[in-house]
$ cat final27.tsv   # TSV, N, CA and C atoms
chain	number	residue	atom	x	y	z
A	27	MET	N	0.82	-1.19	0.00
A	27	MET	CA	0.00	0.00	0.00
A	27	MET	C	0.87	1.25	0.00
A	28	HIS	N	2.03	1.18	0.62
A	28	HIS	CA	2.91	2.35	0.66
A	28	HIS	C	3.54	2.64	-0.71
A	29	ASP	N	3.40	1.71	-1.64
A	29	ASP	CA	3.94	1.89	-2.99
A	29	ASP	C	2.82	1.64	-4.01
A	30	PRO	N	1.93	2.63	-4.19
A	30	PRO	CA	0.79	2.41	-5.09
A	30	PRO	C	1.22	2.15	-6.54
A	31	GLY	N	2.38	2.66	-6.94
A	31	GLY	CA	2.86	2.39	-8.30
A	31	GLY	C	3.09	0.91	-8.52
A	32	ASN	N	3.65	0.23	-7.55
A	32	ASN	CA	3.89	-1.20	-7.64
A	32	ASN	C	2.57	-1.97	-7.67
A	33	ILE	N	1.62	-1.55	-6.87
A	33	ILE	CA	0.30	-2.19	-6.85
A	33	ILE	C	-0.37	-2.03	-8.21
A	34	LEU	N	-0.33	-0.83	-8.76
A	34	LEU	CA	-0.95	-0.58	-10.06
A	34	LEU	C	-0.26	-1.36	-11.17
A	35	ALA	N	1.06	-1.48	-11.08
A	35	ALA	CA	1.80	-2.26	-12.09
A	35	ALA	C	1.33	-3.71	-12.07
A	36	GLY	N	1.16	-4.28	-10.88
A	36	GLY	CA	0.66	-5.64	-10.78
A	36	GLY	C	-0.77	-5.76	-11.29
A	37	ALA	N	-1.60	-4.80	-10.95
A	37	ALA	CA	-2.99	-4.81	-11.41
A	37	ALA	C	-3.07	-4.67	-12.93
A	38	GLY	N	-2.12	-3.95	-13.51
A	38	GLY	CA	-2.10	-3.74	-14.96
A	38	GLY	C	-1.89	-5.02	-15.74
A	39	ARG	N	-1.40	-6.06	-15.08
A	39	ARG	CA	-1.24	-7.35	-15.76
A	39	ARG	C	-2.60	-8.02	-15.97
A	40	THR	N	-3.61	-7.58	-15.21
A	40	THR	CA	-4.94	-8.17	-15.30
A	40	THR	C	-5.98	-7.18	-15.82
A	41	LEU	N	-5.89	-5.94	-15.36
A	41	LEU	CA	-6.90	-4.93	-15.70
A	41	LEU	C	-6.53	-4.16	-16.96
A	42	ASP	N	-7.54	-3.70	-17.67
A	42	ASP	CA	-7.36	-2.85	-18.84
A	42	ASP	C	-7.49	-1.40	-18.38
A	43	PHE	N	-6.36	-0.71	-18.23
A	43	PHE	CA	-6.38	0.67	-17.78
A	43	PHE	C	-6.83	1.64	-18.86
A	44	GLY	N	-7.24	1.12	-20.01
A	44	GLY	CA	-7.86	1.94	-21.05
A	44	GLY	C	-9.35	2.10	-20.80
A	45	GLN	N	-9.88	1.35	-19.84
A	45	GLN	CA	-11.29	1.40	-19.46
A	45	GLN	C	-11.40	1.82	-18.00
A	46	PRO	N	-12.53	2.42	-17.62
A	46	PRO	CA	-12.71	2.76	-16.20
A	46	PRO	C	-12.60	1.51	-15.32
A	47	ILE	N	-12.01	1.70	-14.15
A	47	ILE	CA	-11.85	0.62	-13.18
A	47	ILE	C	-12.34	1.11	-11.82
A	48	ALA	N	-12.42	0.21	-10.88
A	48	ALA	CA	-12.76	0.59	-9.50
A	48	ALA	C	-11.68	0.05	-8.58
A	49	ILE	N	-11.26	0.89	-7.66
A	49	ILE	CA	-10.29	0.50	-6.63
A	49	ILE	C	-10.98	0.66	-5.29
A	50	THR	N	-10.90	-0.35	-4.45
A	50	THR	CA	-11.43	-0.24	-3.10
A	50	THR	C	-10.28	-0.35	-2.10
A	51	MET	N	-10.27	0.57	-1.18
A	51	MET	CA	-9.30	0.57	-0.08
A	51	MET	C	-10.13	0.67	1.20
A	52	LEU	N	-10.71	-0.45	1.57
A	52	LEU	CA	-11.66	-0.47	2.67
A	52	LEU	C	-10.97	-0.89	3.96
A	53	GLY	N	-10.86	0.07	4.86
A	53	GLY	CA	-10.28	-0.20	6.16
A	53	GLY	C	-8.78	-0.41	6.16
A	54	VAL	N	-8.07	0.11	5.15
A	54	VAL	CA	-6.63	-0.10	5.12
A	54	VAL	C	-5.82	1.20	5.18
A	55	LEU	N	-6.31	2.27	4.58
A	55	LEU	CA	-5.53	3.50	4.50
A	55	LEU	C	-5.28	4.14	5.86
A	56	TRP	N	-6.11	3.83	6.82
A	56	TRP	CA	-5.92	4.41	8.17
A	56	TRP	C	-4.65	3.90	8.84
A	57	HIS	N	-4.06	2.83	8.30
A	57	HIS	CA	-2.82	2.32	8.87
A	57	HIS	C	-1.59	3.08	8.37
A	58	VAL	N	-1.79	3.99	7.43
A	58	VAL	CA	-0.71	4.89	7.01
A	58	VAL	C	-0.72	6.04	8.00
A	59	MET	N	0.25	6.07	8.88
A	59	MET	CA	0.22	7.00	10.00
A	59	MET	C	0.49	8.45	9.61
A	60	ASP	N	1.18	8.66	8.51
A	60	ASP	CA	1.51	10.01	8.06
A	60	ASP	C	0.42	10.50	7.11
A	61	ASN	N	-0.30	11.56	7.50
A	61	ASN	CA	-1.39	12.07	6.67
A	61	ASN	C	-0.92	12.48	5.29
A	62	ASP	N	0.25	13.10	5.20
A	62	ASP	CA	0.76	13.52	3.89
A	62	ASP	C	0.97	12.31	2.98
A	63	GLU	N	1.49	11.22	3.54
A	63	GLU	CA	1.68	10.01	2.74
A	63	GLU	C	0.33	9.43	2.32
A	64	ALA	N	-0.64	9.42	3.22
A	64	ALA	CA	-1.97	8.90	2.88
A	64	ALA	C	-2.59	9.71	1.74
A	65	TYR	N	-2.49	11.04	1.82
A	65	TYR	CA	-3.01	11.89	0.74
A	65	TYR	C	-2.24	11.65	-0.55
A	66	ALA	N	-0.92	11.44	-0.47
A	66	ALA	CA	-0.11	11.19	-1.66
A	66	ALA	C	-0.52	9.87	-2.33
A	67	ILE	N	-0.81	8.85	-1.54
A	67	ILE	CA	-1.27	7.58	-2.09
A	67	ILE	C	-2.59	7.78	-2.83
A	68	ARG	N	-3.52	8.46	-2.19
A	68	ARG	CA	-4.82	8.72	-2.82
A	68	ARG	C	-4.65	9.54	-4.09
A	69	ARG	N	-3.84	10.58	-4.01
A	69	ARG	CA	-3.60	11.45	-5.16
A	69	ARG	C	-2.99	10.66	-6.32
A	70	HIS	N	-1.99	9.82	-6.03
A	70	HIS	CA	-1.35	9.02	-7.07
A	70	HIS	C	-2.36	8.11	-7.76
A	71	LEU	N	-3.19	7.44	-6.99
A	71	LEU	CA	-4.20	6.55	-7.58
A	71	LEU	C	-5.16	7.32	-8.46
A	72	MET	N	-5.61	8.48	-7.99
A	72	MET	CA	-6.56	9.28	-8.77
A	72	MET	C	-5.93	9.81	-10.06
A	73	GLU	N	-4.65	10.10	-10.04
A	73	GLU	CA	-3.97	10.60	-11.24
A	73	GLU	C	-3.78	9.52	-12.30
A	74	VAL	N	-3.66	8.28	-11.86
A	74	VAL	CA	-3.31	7.18	-12.77
A	74	VAL	C	-4.54	6.49	-13.36
A	75	ILE	N	-5.61	6.35	-12.59
A	75	ILE	CA	-6.76	5.60	-13.10
A	75	ILE	C	-7.49	6.41	-14.17
A	76	PRO	N	-8.08	5.72	-15.15
A	76	PRO	CA	-8.74	6.40	-16.26
A	76	PRO	C	-9.97	7.19	-15.82
A	77	SER	N	-10.33	8.18	-16.62
A	77	SER	CA	-11.54	8.95	-16.38
A	77	SER	C	-12.74	8.01	-16.31
A	78	GLY	N	-13.64	8.26	-15.39
A	78	GLY	CA	-14.81	7.42	-15.22
A	78	GLY	C	-14.62	6.32	-14.18
A	79	SER	N	-13.40	6.20	-13.66
A	79	SER	CA	-13.09	5.19	-12.65
A	79	SER	C	-13.58	5.62	-11.28
A	80	TYR	N	-13.58	4.68	-10.35
A	80	TYR	CA	-13.99	4.96	-8.98
A	80	TYR	C	-12.89	4.55	-8.01
A	81	LEU	N	-12.73	5.35	-6.96
A	81	LEU	CA	-11.86	5.00	-5.85
A	81	LEU	C	-12.73	5.07	-4.59
A	82	ALA	N	-12.91	3.93	-3.94
A	82	ALA	CA	-13.72	3.87	-2.72
A	82	ALA	C	-12.80	3.68	-1.53
A	83	LEU	N	-12.94	4.57	-0.54
A	83	LEU	CA	-12.17	4.50	0.69
A	83	LEU	C	-13.14	4.48	1.87
A	84	ASN	N	-12.78	3.76	2.90
A	84	ASN	CA	-13.50	3.95	4.15
A	84	ASN	C	-12.48	3.98	5.28
A	85	HIS	N	-12.90	4.57	6.37
A	85	HIS	CA	-11.97	4.86	7.44
A	85	HIS	C	-12.76	4.85	8.75
A	86	PRO	N	-12.32	4.16	9.76
A	86	PRO	CA	-13.03	4.20	11.04
A	86	PRO	C	-13.08	5.62	11.61
A	87	THR	N	-14.19	5.98	12.18
A	87	THR	CA	-14.35	7.30	12.76
A	87	THR	C	-15.29	7.24	13.96
A	88	LEU	N	-15.09	8.13	14.87
A	88	LEU	CA	-15.97	8.22	16.03
A	88	LEU	C	-17.29	8.90	15.69
A	89	GLU	N	-17.37	9.53	14.52
A	89	GLU	CA	-18.55	10.29	14.14
A	89	GLU	C	-19.80	9.43	14.01
A	90	VAL	N	-19.64	8.16	13.75
A	90	VAL	CA	-20.79	7.29	13.51
A	90	VAL	C	-21.17	6.50	14.76
A	91	THR	N	-20.21	5.78	15.34
A	91	THR	CA	-20.56	4.89	16.46
A	91	THR	C	-19.94	5.31	17.79
A	92	GLY	N	-19.23	6.42	17.80
A	92	GLY	CA	-18.72	6.99	19.04
A	92	GLY	C	-17.85	6.06	19.87
A	93	GLN	N	-18.26	5.83	21.09
A	93	GLN	CA	-17.44	5.08	22.05
A	93	GLN	C	-17.19	3.64	21.60
A	94	LYS	N	-18.12	3.03	20.88
A	94	LYS	CA	-17.90	1.66	20.39
A	94	LYS	C	-16.67	1.61	19.49
A	95	MET	N	-16.54	2.60	18.59
A	95	MET	CA	-15.38	2.63	17.70
A	95	MET	C	-14.13	2.98	18.48
A	96	ALA	N	-14.22	3.90	19.43
A	96	ALA	CA	-13.06	4.24	20.26
A	96	ALA	C	-12.54	3.01	20.99
A	97	THR	N	-13.44	2.20	21.51
A	97	THR	CA	-13.05	0.98	22.20
A	97	THR	C	-12.38	0.00	21.23
A	98	ALA	N	-12.94	-0.15	20.05
A	98	ALA	CA	-12.35	-1.04	19.04
A	98	ALA	C	-10.95	-0.58	18.64
A	99	ILE	N	-10.77	0.73	18.47
A	99	ILE	CA	-9.46	1.26	18.09
A	99	ILE	C	-8.46	1.08	19.24
A	100	GLN	N	-8.90	1.30	20.47
A	100	GLN	CA	-8.03	1.05	21.63
A	100	GLN	C	-7.58	-0.41	21.66
A	101	TYR	N	-8.51	-1.33	21.41
A	101	TYR	CA	-8.19	-2.75	21.39
A	101	TYR	C	-7.17	-3.04	20.29
A	102	TRP	N	-7.42	-2.49	19.10
A	102	TRP	CA	-6.48	-2.67	17.98
A	102	TRP	C	-5.09	-2.15	18.38
A	103	ASN	N	-5.03	-0.98	18.94
A	103	ASN	CA	-3.74	-0.39	19.30
A	103	ASN	C	-3.03	-1.19	20.39
A	104	GLN	N	-3.78	-1.87	21.22
A	104	GLN	CA	-3.17	-2.68	22.27
A	104	GLN	C	-2.64	-4.00	21.71
A	105	TYR	N	-3.38	-4.61	20.77
A	105	TYR	CA	-3.04	-5.96	20.31
A	105	TYR	C	-2.61	-6.04	18.85
A	106	GLY	N	-2.87	-5.00	18.06
A	106	GLY	CA	-2.53	-5.02	16.64
A	106	GLY	C	-1.05	-4.79	16.39
A	107	LYS	N	-0.64	-5.01	15.16
A	107	LYS	CA	0.78	-4.87	14.83
A	107	LYS	C	1.21	-3.43	14.66
A	108	ARG	N	0.30	-2.56	14.22
A	108	ARG	CA	0.61	-1.14	14.07
A	108	ARG	C	-0.49	-0.33	14.75
A	109	PRO	N	-0.15	0.77	15.34
A	109	PRO	CA	-1.20	1.61	15.94
A	109	PRO	C	-2.08	2.21	14.85
A	110	ALA	N	-3.26	2.61	15.22
A	110	ALA	CA	-4.19	3.22	14.28
A	110	ALA	C	-4.77	4.48	14.90
A	111	PRO	N	-4.83	5.56	14.15
A	111	PRO	CA	-5.37	6.81	14.68
A	111	PRO	C	-6.90	6.82	14.61
A	112	ILE	N	-7.50	7.70	15.36
A	112	ILE	CA	-8.94	7.94	15.27
A	112	ILE	C	-9.14	9.03	14.23
A	113	ALA	N	-9.98	8.77	13.24
A	113	ALA	CA	-10.20	9.71	12.15
A	113	ALA	C	-11.17	10.81	12.56
A	114	ARG	N	-10.90	12.00	12.07
A	114	ARG	CA	-11.79	13.14	12.29
A	114	ARG	C	-12.00	13.82	10.94
A	115	PRO	N	-13.23	14.26	10.63
A	115	PRO	CA	-13.49	14.87	9.33
A	115	PRO	C	-12.79	16.22	9.18
A	116	VAL	N	-12.22	16.45	7.99
A	116	VAL	CA	-11.62	17.73	7.62
A	116	VAL	C	-11.89	17.95	6.15
A	117	SER	N	-11.72	19.18	5.67
A	117	SER	CA	-11.87	19.43	4.25
A	117	SER	C	-10.58	19.08	3.53
A	118	SER	N	-10.70	18.63	2.29
A	118	SER	CA	-9.55	18.23	1.51
A	118	SER	C	-9.77	18.61	0.06
A	119	PRO	N	-8.77	19.15	-0.62
A	119	PRO	CA	-8.94	19.48	-2.04
A	119	PRO	C	-9.29	18.23	-2.84
A	120	GLY	N	-10.29	18.34	-3.72
A	120	GLY	CA	-10.66	17.25	-4.59
A	120	GLY	C	-11.51	16.18	-3.92
A	121	SER	N	-12.02	16.46	-2.73
A	121	SER	CA	-12.81	15.47	-2.02
A	121	SER	C	-13.92	16.19	-1.26
A	122	SER	N	-15.11	15.58	-1.22
A	122	SER	CA	-16.19	16.22	-0.49
A	122	SER	C	-15.98	16.11	1.01
A	123	THR	N	-15.40	15.02	1.46
A	123	THR	CA	-15.08	14.85	2.87
A	123	THR	C	-13.77	14.09	2.98
A	124	ALA	N	-12.91	14.52	3.84
A	124	ALA	CA	-11.66	13.80	4.09
A	124	ALA	C	-11.58	13.56	5.57
A	125	TRP	N	-10.74	12.62	5.97
A	125	TRP	CA	-10.59	12.26	7.36
A	125	TRP	C	-9.14	12.32	7.76
A	126	THR	N	-8.88	12.78	8.97
A	126	THR	CA	-7.51	12.74	9.50
A	126	THR	C	-7.52	11.95	10.77
$ encode --input "final27.tsv" --output "structure tokens"
Amino acid sequence: MHDPGNILAGAGRTLDFGQPIAITMLGVLWHVMDNDEAYAIRRHLMEVIPSGSYLALNHPTLEVTGQKMATAIQYWNQYGKRPAPIARPVSSPGSSTAWT
């Protein structure tokens, strides 16, 4: 995930990048601890995929389930391999909603 160019190169062996494609990054981008790197990954993917393509991201946040998600993130941080931040909504260029 930290090298989206490598991921896209591998996907290019199967996918036709001359046609719109869909990329899903569900519950993974939050493990990139540096916000600038996370935005760079997203930006790189958006620049490379053809017009008409979709990029779907999701990110855990306290905005929806509150304390239940905070507890889950605390558990992850205690037992998981990498810590995970709690996302908070912010504005981002080229996106209707972004999370930090």
$ residues_around --input "final27.tsv" --residues "His70 (chain A)" --least-positions-apart "3" --cutoff "8 Å" --atoms "only C-alpha atoms" --output "VMD selection string"
chain A and resid 30 to 31 66 to 67 73 to 74
$ atom_distance --input "final27.tsv" --atom1 "atom N of Ala82 (chain A)" --atom2 "atom C of Asn103 (chain A)"
26.8 Å
$ select_by_dssp --input "final27.tsv" --residues "chain A" --states "strand (DSSP E)" --output "PDB file with N, CA and C atoms, keeping the file's coordinate frame"
ATOM      1  N   ALA A  48     -12.420   0.210 -10.880  1.00  0.00           N
ATOM      2  CA  ALA A  48     -12.760   0.590  -9.500  1.00  0.00           C
ATOM      3  C   ALA A  48     -11.680   0.050  -8.580  1.00  0.00           C
ATOM      4  N   ILE A  49     -11.260   0.890  -7.660  1.00  0.00           N
ATOM      5  CA  ILE A  49     -10.290   0.500  -6.630  1.00  0.00           C
ATOM      6  C   ILE A  49     -10.980   0.660  -5.290  1.00  0.00           C
ATOM      7  N   THR A  50     -10.900  -0.350  -4.450  1.00  0.00           N
ATOM      8  CA  THR A  50     -11.430  -0.240  -3.100  1.00  0.00           C
ATOM      9  C   THR A  50     -10.280  -0.350  -2.100  1.00  0.00           C
ATOM     10  N   MET A  51     -10.270   0.570  -1.180  1.00  0.00           N
ATOM     11  CA  MET A  51      -9.300   0.570  -0.080  1.00  0.00           C
ATOM     12  C   MET A  51     -10.130   0.670   1.200  1.00  0.00           C
ATOM     13  N   LEU A  52     -10.710  -0.450   1.570  1.00  0.00           N
ATOM     14  CA  LEU A  52     -11.660  -0.470   2.670  1.00  0.00           C
ATOM     15  C   LEU A  52     -10.970  -0.890   3.960  1.00  0.00           C
ATOM     16  N   TYR A  80     -13.580   4.680 -10.350  1.00  0.00           N
ATOM     17  CA  TYR A  80     -13.990   4.960  -8.980  1.00  0.00           C
ATOM     18  C   TYR A  80     -12.890   4.550  -8.010  1.00  0.00           C
ATOM     19  N   LEU A  81     -12.730   5.350  -6.960  1.00  0.00           N
ATOM     20  CA  LEU A  81     -11.860   5.000  -5.850  1.00  0.00           C
ATOM     21  C   LEU A  81     -12.730   5.070  -4.590  1.00  0.00           C
ATOM     22  N   ALA A  82     -12.910   3.930  -3.940  1.00  0.00           N
ATOM     23  CA  ALA A  82     -13.720   3.870  -2.720  1.00  0.00           C
ATOM     24  C   ALA A  82     -12.800   3.680  -1.530  1.00  0.00           C
ATOM     25  N   LEU A  83     -12.940   4.570  -0.540  1.00  0.00           N
ATOM     26  CA  LEU A  83     -12.170   4.500   0.690  1.00  0.00           C
ATOM     27  C   LEU A  83     -13.140   4.480   1.870  1.00  0.00           C
ATOM     28  N   ASN A  84     -12.780   3.760   2.900  1.00  0.00           N
ATOM     29  CA  ASN A  84     -13.500   3.950   4.150  1.00  0.00           C
ATOM     30  C   ASN A  84     -12.480   3.980   5.280  1.00  0.00           C
ATOM     31  N   PRO A 115     -13.230  14.260  10.630  1.00  0.00           N
ATOM     32  CA  PRO A 115     -13.490  14.870   9.330  1.00  0.00           C
ATOM     33  C   PRO A 115     -12.790  16.220   9.180  1.00  0.00           C
ATOM     34  N   VAL A 116     -12.220  16.450   7.990  1.00  0.00           N
ATOM     35  CA  VAL A 116     -11.620  17.730   7.620  1.00  0.00           C
ATOM     36  C   VAL A 116     -11.890  17.950   6.150  1.00  0.00           C
ATOM     37  N   SER A 117     -11.720  19.180   5.670  1.00  0.00           N
ATOM     38  CA  SER A 117     -11.870  19.430   4.250  1.00  0.00           C
ATOM     39  C   SER A 117     -10.580  19.080   3.530  1.00  0.00           C
ATOM     40  N   SER A 118     -10.700  18.630   2.290  1.00  0.00           N
ATOM     41  CA  SER A 118      -9.550  18.230   1.510  1.00  0.00           C
ATOM     42  C   SER A 118      -9.770  18.610   0.060  1.00  0.00           C
ATOM     43  N   SER A 121     -12.020  16.460  -2.730  1.00  0.00           N
ATOM     44  CA  SER A 121     -12.810  15.470  -2.020  1.00  0.00           C
ATOM     45  C   SER A 121     -13.920  16.190  -1.260  1.00  0.00           C
ATOM     46  N   SER A 122     -15.110  15.580  -1.220  1.00  0.00           N
ATOM     47  CA  SER A 122     -16.190  16.220  -0.490  1.00  0.00           C
ATOM     48  C   SER A 122     -15.980  16.110   1.010  1.00  0.00           C
ATOM     49  N   THR A 123     -15.400  15.020   1.460  1.00  0.00           N
ATOM     50  CA  THR A 123     -15.080  14.850   2.870  1.00  0.00           C
ATOM     51  C   THR A 123     -13.770  14.090   2.980  1.00  0.00           C
ATOM     52  N   ALA A 124     -12.910  14.520   3.840  1.00  0.00           N
ATOM     53  CA  ALA A 124     -11.660  13.800   4.090  1.00  0.00           C
ATOM     54  C   ALA A 124     -11.580  13.560   5.570  1.00  0.00           C
ATOM     55  N   TRP A 125     -10.740  12.620   5.970  1.00  0.00           N
ATOM     56  CA  TRP A 125     -10.590  12.260   7.360  1.00  0.00           C
ATOM     57  C   TRP A 125      -9.140  12.320   7.760  1.00  0.00           C
TER      58      TRP A 125
END
$ closest_residue --input "final27.tsv" --among "A:Leu34, A:Ile47, A:Val54, A:Met95" --to "Ser77 (chain A)" --atoms "all atoms listed in the file"
A:Ile47
$ residues_around --input "final27.tsv" --residues "Asn84 (chain A)" --least-positions-apart "4" --cutoff "6.5 Å" --atoms "only N, CA and C atoms" --output "list in words"
Met51, Leu52, Gly53, Val54 and Leu55 of chain A
$ axis_aligned_box --input "final27.tsv" --around "region 64-70 of chain A" --padding-each-side "6 Å" --output "AutoDock Vina command-line options"
--center_x -2.5 --center_y 9.7 --center_z -2.3 --size_x 16.7 --size_y 16.3 --size_z 23.0
$ closest_residue --input "final27.tsv" --among "A:Thr50, A:Thr40, A:Thr97, A:Gln104" --to "Tyr80 (chain A)" --atoms "only N, CA and C atoms"
A:Thr50
$ closest_residue --input "final27.tsv" --among "A:Ile49, A:Ala98, A:Ala37, A:Trp56" --to "Leu81 (chain A)" --atoms "only N, CA and C atoms"
A:Ile49
$ atom_distance --input "final27.tsv" --atom1 "CA of Ile75 (chain A)" --atom2 "CA of Glu63 (chain A)"
18.5 Å
$ closest_residue --input "final27.tsv" --among "A:Gln100, A:Gly36, A:Met27, A:Thr91" --to "His57 (chain A)" --atoms "only C-alpha atoms"
A:Met27
$ atom_distance --input "final27.tsv" --atom1 "CA of Pro76 (chain A)" --atom2 "atom N of Ala64 (chain A)"
21.3 Å
$ select_by_dssp --input "final27.tsv" --residues "chain A" --states "helix (DSSP H, G or I)" --output "short mmCIF file (atom, residue, chain, number, x, y, z; two decimals) with N, CA and C atoms, in the coordinates of the input"
data_model
loop_
_atom_site.label_atom_id
_atom_site.label_comp_id
_atom_site.auth_asym_id
_atom_site.auth_seq_id
_atom_site.Cartn_x
_atom_site.Cartn_y
_atom_site.Cartn_z
N PRO A 30 1.93 2.63 -4.19
CA PRO A 30 0.79 2.41 -5.09
C PRO A 30 1.22 2.15 -6.54
N GLY A 31 2.38 2.66 -6.94
CA GLY A 31 2.86 2.39 -8.30
C GLY A 31 3.09 0.91 -8.52
N ASN A 32 3.65 0.23 -7.55
CA ASN A 32 3.89 -1.20 -7.64
C ASN A 32 2.57 -1.97 -7.67
N ILE A 33 1.62 -1.55 -6.87
CA ILE A 33 0.30 -2.19 -6.85
C ILE A 33 -0.37 -2.03 -8.21
N LEU A 34 -0.33 -0.83 -8.76
CA LEU A 34 -0.95 -0.58 -10.06
C LEU A 34 -0.26 -1.36 -11.17
N ALA A 35 1.06 -1.48 -11.08
CA ALA A 35 1.80 -2.26 -12.09
C ALA A 35 1.33 -3.71 -12.07
N GLY A 36 1.16 -4.28 -10.88
CA GLY A 36 0.66 -5.64 -10.78
C GLY A 36 -0.77 -5.76 -11.29
N ALA A 37 -1.60 -4.80 -10.95
CA ALA A 37 -2.99 -4.81 -11.41
C ALA A 37 -3.07 -4.67 -12.93
N LEU A 55 -6.31 2.27 4.58
CA LEU A 55 -5.53 3.50 4.50
C LEU A 55 -5.28 4.14 5.86
N TRP A 56 -6.11 3.83 6.82
CA TRP A 56 -5.92 4.41 8.17
C TRP A 56 -4.65 3.90 8.84
N HIS A 57 -4.06 2.83 8.30
CA HIS A 57 -2.82 2.32 8.87
C HIS A 57 -1.59 3.08 8.37
N ASN A 61 -0.30 11.56 7.50
CA ASN A 61 -1.39 12.07 6.67
C ASN A 61 -0.92 12.48 5.29
N ASP A 62 0.25 13.10 5.20
CA ASP A 62 0.76 13.52 3.89
C ASP A 62 0.97 12.31 2.98
N GLU A 63 1.49 11.22 3.54
CA GLU A 63 1.68 10.01 2.74
C GLU A 63 0.33 9.43 2.32
N ALA A 64 -0.64 9.42 3.22
CA ALA A 64 -1.97 8.90 2.88
C ALA A 64 -2.59 9.71 1.74
N TYR A 65 -2.49 11.04 1.82
CA TYR A 65 -3.01 11.89 0.74
C TYR A 65 -2.24 11.65 -0.55
N ALA A 66 -0.92 11.44 -0.47
CA ALA A 66 -0.11 11.19 -1.66
C ALA A 66 -0.52 9.87 -2.33
N ILE A 67 -0.81 8.85 -1.54
CA ILE A 67 -1.27 7.58 -2.09
C ILE A 67 -2.59 7.78 -2.83
N ARG A 68 -3.52 8.46 -2.19
CA ARG A 68 -4.82 8.72 -2.82
C ARG A 68 -4.65 9.54 -4.09
N ARG A 69 -3.84 10.58 -4.01
CA ARG A 69 -3.60 11.45 -5.16
C ARG A 69 -2.99 10.66 -6.32
N HIS A 70 -1.99 9.82 -6.03
CA HIS A 70 -1.35 9.02 -7.07
C HIS A 70 -2.36 8.11 -7.76
N LEU A 71 -3.19 7.44 -6.99
CA LEU A 71 -4.20 6.55 -7.58
C LEU A 71 -5.16 7.32 -8.46
N MET A 72 -5.61 8.48 -7.99
CA MET A 72 -6.56 9.28 -8.77
C MET A 72 -5.93 9.81 -10.06
N GLU A 73 -4.65 10.10 -10.04
CA GLU A 73 -3.97 10.60 -11.24
C GLU A 73 -3.78 9.52 -12.30
N VAL A 74 -3.66 8.28 -11.86
CA VAL A 74 -3.31 7.18 -12.77
C VAL A 74 -4.54 6.49 -13.36
N LEU A 88 -15.09 8.13 14.87
CA LEU A 88 -15.97 8.22 16.03
C LEU A 88 -17.29 8.90 15.69
N GLU A 89 -17.37 9.53 14.52
CA GLU A 89 -18.55 10.29 14.14
C GLU A 89 -19.80 9.43 14.01
N VAL A 90 -19.64 8.16 13.75
CA VAL A 90 -20.79 7.29 13.51
C VAL A 90 -21.17 6.50 14.76
N THR A 91 -20.21 5.78 15.34
CA THR A 91 -20.56 4.89 16.46
C THR A 91 -19.94 5.31 17.79
N GLN A 93 -18.26 5.83 21.09
CA GLN A 93 -17.44 5.08 22.05
C GLN A 93 -17.19 3.64 21.60
N LYS A 94 -18.12 3.03 20.88
CA LYS A 94 -17.90 1.66 20.39
C LYS A 94 -16.67 1.61 19.49
N MET A 95 -16.54 2.60 18.59
CA MET A 95 -15.38 2.63 17.70
C MET A 95 -14.13 2.98 18.48
N ALA A 96 -14.22 3.90 19.43
CA ALA A 96 -13.06 4.24 20.26
C ALA A 96 -12.54 3.01 20.99
N THR A 97 -13.44 2.20 21.51
CA THR A 97 -13.05 0.98 22.20
C THR A 97 -12.38 0.00 21.23
N ALA A 98 -12.94 -0.15 20.05
CA ALA A 98 -12.35 -1.04 19.04
C ALA A 98 -10.95 -0.58 18.64
N ILE A 99 -10.77 0.73 18.47
CA ILE A 99 -9.46 1.26 18.09
C ILE A 99 -8.46 1.08 19.24
N GLN A 100 -8.90 1.30 20.47
CA GLN A 100 -8.03 1.05 21.63
C GLN A 100 -7.58 -0.41 21.66
N TYR A 101 -8.51 -1.33 21.41
CA TYR A 101 -8.19 -2.75 21.39
C TYR A 101 -7.17 -3.04 20.29
N TRP A 102 -7.42 -2.49 19.10
CA TRP A 102 -6.48 -2.67 17.98
C TRP A 102 -5.09 -2.15 18.38
N ASN A 103 -5.03 -0.98 18.94
CA ASN A 103 -3.74 -0.39 19.30
C ASN A 103 -3.03 -1.19 20.39
N GLN A 104 -3.78 -1.87 21.22
CA GLN A 104 -3.17 -2.68 22.27
C GLN A 104 -2.64 -4.00 21.71
N TYR A 105 -3.38 -4.61 20.77
CA TYR A 105 -3.04 -5.96 20.31
C TYR A 105 -2.61 -6.04 18.85
#
$ closest_residue --input "final27.tsv" --among "A:Ser79, A:Trp102, A:Pro86, A:Ala96" --to "Asp42 (chain A)" --atoms "only C-alpha atoms"
A:Ser79
$ decode --input "final27.tsv" --residues "region 97-104 of chain A" --atoms "N, CA and C atoms" --output "compact mmCIF listing (two decimals), in the first residue's frame"
# COMPACT_ATOMS: atom_id res chain seq x y z
N THR A 97 -13.44 2.20 21.51
CA THR A 97 -13.05 0.98 22.20
C THR A 97 -12.38 0.00 21.23
N ALA A 98 -12.94 -0.15 20.05
CA ALA A 98 -12.35 -1.04 19.04
C ALA A 98 -10.95 -0.58 18.64
N ILE A 99 -10.77 0.73 18.47
CA ILE A 99 -9.46 1.26 18.09
C ILE A 99 -8.46 1.08 19.24
N GLN A 100 -8.90 1.30 20.47
CA GLN A 100 -8.03 1.05 21.63
C GLN A 100 -7.58 -0.41 21.66
N TYR A 101 -8.51 -1.33 21.41
CA TYR A 101 -8.19 -2.75 21.39
C TYR A 101 -7.17 -3.04 20.29
N TRP A 102 -7.42 -2.49 19.10
CA TRP A 102 -6.48 -2.67 17.98
C TRP A 102 -5.09 -2.15 18.38
N ASN A 103 -5.03 -0.98 18.94
CA ASN A 103 -3.74 -0.39 19.30
C ASN A 103 -3.03 -1.19 20.39
N GLN A 104 -3.78 -1.87 21.22
CA GLN A 104 -3.17 -2.68 22.27
C GLN A 104 -2.64 -4.00 21.71
